[in-house]
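Notes for the one structure printed next.
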Number of protein chains: 2
Amino acid sequence: MSESPSPKRGRPGYDQRAVLEGAVAAFNDFGYDATSMGVLAARLNLSKAAIYHHVSSKEELLQLALDEALDGLEGVLLEDGALQGRAIDRLSHVLRGAVFVLTDRLPYVTLLLRVRGNSLIERAALERRRNFDRAVTALVTAARDEGSLRDDIDPGVVTRLLFGMVNSLAEWYRPTGHEDALQLADDVLNVALNGLQSR
Amino acid sequence: MSESPSPKRGRPGYDQRAVLEGAVAAFNDFGYDATSMGVLAARLNLSKAAIYHHVSSKEELLQLALDEALDGLEGVLLEDGALQGRAIDRLSHVLRGAVFVLTDRLPYVTLLLRVRGNSLIERAALERRRNFDRAVTALVTAARDEGSLRDDIDPGVVTRLLFGMVNSLAEWYRPTGHEDALQLADDVLNVALNGLQSR
């Protein structure tokens, strides 16, 4: 998504996408609350007026950024692999997909994971995260009920531990190419399903 | 540790421990940078002078809070169970111990996990976290070399995924008693070593 073309507007080289990318980087570095439009303008080497040519407010930038992360995660739930087949295969598809979204849209998901609910926009984002988690927990429960997953751990705890692994990527993953993301997705699935113990 | 008695000083009911607990809660709610001593005094219903009776500065509160988390984690590495026996048993001991530290000192570890290195104190804390991670990675490597752990996943990635699970507790665990922490430690170890797949 981050490479998708969008029509250039205003000052050459600074379309809305570029402003958004710069804003998300600043939000992650300084914190959303501490990043004023003035700070952002200085960082992008633009006037505030130039930024307002692309977005109406700092809140709109936050909304666009959180949508980028949440649309990606929710999109995974709508893929064929998440909708068809055995629950264990659908769950595996969703876990792999979440790793890809995280590695592909790293700054956006990083921002999402730091949201604490300080505004309407943030609370709406947290609600969408909770709905995503609920959908995954339903998949974990279905995989347990079909006999694919052990039944001695609460499905809600399982979901949180799984996404503990996936979301930790935001803390330590540094993009080095798609092969790397594939390997990571394999590693996460392998640890989650088969465990680390040698057999 | 948070229940350990400490000598009362100054205004009754507000010893250094109580000031520290209030400060950590405020740092976690508002962010460290956004929490001035004035904000803290208002939250604790104390004068700033009363706070300065217990600590010399906001930085000292941060230092004390991060020490609380790091001393706990480093302490686990020095326990008998982490020093003696097979590497897989030592690793398991450290993982369980880390879950106990996290559940027992939740606000302190939460603060530690949000540190980004904006000051000397924060950078020193990050360096101690890195040293802790290195010690765990060495245990993972030793457990692999003794044949206890699978050898197809990089030990550094294994450590990060393991602590992805453990550290995620800071986001969702709410204290409900020691039994609960024991169960969680079992769940984390079970997922990590044996995986979720039914056998």
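Chains: A, B, ... in order of the structure tokens. Residues: from 1 per chain. Ligands: from 1, in order shown.
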Counting only C-alpha atoms, collect the residues of chain B whose closest atom lies at most 10 Å from chain A, and write them out as a PDB file with C-alpha atoms, in the first residue's frame.
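Full text of result_16.pdb as output:
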```
ATOM      1  CA  ASP B  29      -1.072   7.595  32.021  1.00  0.00           C
ATOM      2  CA  PHE B  30       0.292  10.869  30.638  1.00  0.00           C
ATOM      3  CA  GLY B  31       3.770   9.948  29.409  1.00  0.00           C
ATOM      4  CA  ASP B  33       7.747  13.965  29.380  1.00  0.00           C
ATOM      5  CA  ALA B  34       4.235  15.317  29.858  1.00  0.00           C
ATOM      6  CA  ILE B  88      16.255 -25.747  28.778  1.00  0.00           C
ATOM      7  CA  LEU B 113       8.820  -1.104  28.003  1.00  0.00           C
ATOM      8  CA  ARG B 114       7.861   2.400  26.843  1.00  0.00           C
ATOM      9  CA  ARG B 116      12.662   5.181  23.981  1.00  0.00           C
ATOM     10  CA  ASN B 118      15.354  10.224  25.224  1.00  0.00           C
ATOM     11  CA  VAL B 140      18.325 -20.146  24.021  1.00  0.00           C
ATOM     12  CA  ALA B 143      19.345 -25.040  24.945  1.00  0.00           C
ATOM     13  CA  ARG B 144      19.551 -25.491  21.183  1.00  0.00           C
ATOM     14  CA  GLY B 147      19.507 -30.599  21.668  1.00  0.00           C
ATOM     15  CA  SER B 148      16.535 -29.356  23.701  1.00  0.00           C
ATOM     16  CA  LEU B 149      15.321 -26.706  21.260  1.00  0.00           C
ATOM     17  CA  ARG B 150      14.768 -26.873  17.507  1.00  0.00           C
ATOM     18  CA  ASP B 151      17.679 -25.483  15.517  1.00  0.00           C
ATOM     19  CA  ASP B 152      15.843 -23.982  12.534  1.00  0.00           C
ATOM     20  CA  ILE B 153      14.988 -20.613  14.094  1.00  0.00           C
ATOM     21  CA  ASP B 154      17.583 -17.975  14.896  1.00  0.00           C
ATOM     22  CA  VAL B 157      14.437 -14.196  16.859  1.00  0.00           C
ATOM     23  CA  VAL B 158      13.367 -16.856  19.379  1.00  0.00           C
ATOM     24  CA  ARG B 160      12.320 -11.679  20.747  1.00  0.00           C
ATOM     25  CA  LEU B 161       9.223 -13.784  20.076  1.00  0.00           C
ATOM     26  CA  LEU B 162       9.342 -15.218  23.621  1.00  0.00           C
ATOM     27  CA  PHE B 163       9.554 -11.756  25.151  1.00  0.00           C
ATOM     28  CA  GLY B 164       6.925 -10.558  22.698  1.00  0.00           C
ATOM     29  CA  MET B 165       4.572 -12.930  24.484  1.00  0.00           C
ATOM     30  CA  VAL B 166       5.835 -12.109  27.985  1.00  0.00           C
ATOM     31  CA  ASN B 167       5.946  -8.331  27.504  1.00  0.00           C
ATOM     32  CA  SER B 168       2.494  -8.269  25.933  1.00  0.00           C
ATOM     33  CA  LEU B 169       1.218  -8.934  29.472  1.00  0.00           C
ATOM     34  CA  GLU B 171      -0.788  -4.415  27.656  1.00  0.00           C
ATOM     35  CA  TRP B 172      -3.533  -6.741  28.833  1.00  0.00           C
ATOM     36  CA  TYR B 173      -2.806  -8.400  32.188  1.00  0.00           C
ATOM     37  CA  GLN B 183      -1.375 -20.061  35.388  1.00  0.00           C
ATOM     38  CA  LEU B 184      -0.153 -17.410  32.964  1.00  0.00           C
ATOM     39  CA  ASP B 186       2.404 -22.067  32.669  1.00  0.00           C
ATOM     40  CA  ASP B 187       0.492 -20.922  29.571  1.00  0.00           C
ATOM     41  CA  VAL B 188       3.426 -18.912  28.214  1.00  0.00           C
ATOM     42  CA  LEU B 189       5.854 -21.802  28.740  1.00  0.00           C
ATOM     43  CA  ASN B 190       3.399 -24.271  27.266  1.00  0.00           C
ATOM     44  CA  VAL B 191       2.843 -22.245  24.099  1.00  0.00           C
ATOM     45  CA  ALA B 192       6.549 -21.470  23.779  1.00  0.00           C
ATOM     46  CA  LEU B 193       7.865 -25.004  24.239  1.00  0.00           C
ATOM     47  CA  ASN B 194       5.039 -27.264  23.107  1.00  0.00           C
ATOM     48  CA  GLY B 195       3.060 -25.060  20.747  1.00  0.00           C
ATOM     49  CA  LEU B 196      -0.684 -24.777  20.380  1.00  0.00           C
ATOM     50  CA  GLN B 197      -1.303 -27.704  18.060  1.00  0.00           C
ATOM     51  CA  SER B 198      -3.117 -30.621  19.675  1.00  0.00           C
ATOM     52  CA  ARG B 199      -1.212 -33.945  19.584  1.00  0.00           C
TER      53      ARG B 199
END
```
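The spacing separating atom CA of B:Gly38 from atom CA of B:Leu111 amounts to 19.8 Å.
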Would you pick out the contacts of A:Leu40 at 10 Å or less, using only C-alpha atoms, so that residues sharing its chain but fewer than 3 positions from it are not included, and give the list as a ChimeraX atom specification?
/A:19,22-27,35-37,43-48,51,58
Would you please extract all helix (DSSP H, G or I) residues from stretch 69-130 of chain B, as assigned by DSSP on the backbone, and give them as a PyMOL selection string?
chain B and resi 69-77+80-83+87-104+106-114+120-130
Would you list the contacts of A:Leu77 as a ChimeraX atom specification, taking every protein, DNA or RNA residue within 8 Å and counting only C-alpha atoms, but skipping same-chain residues closer than 5 positions in sequence?
/A:82-83,94
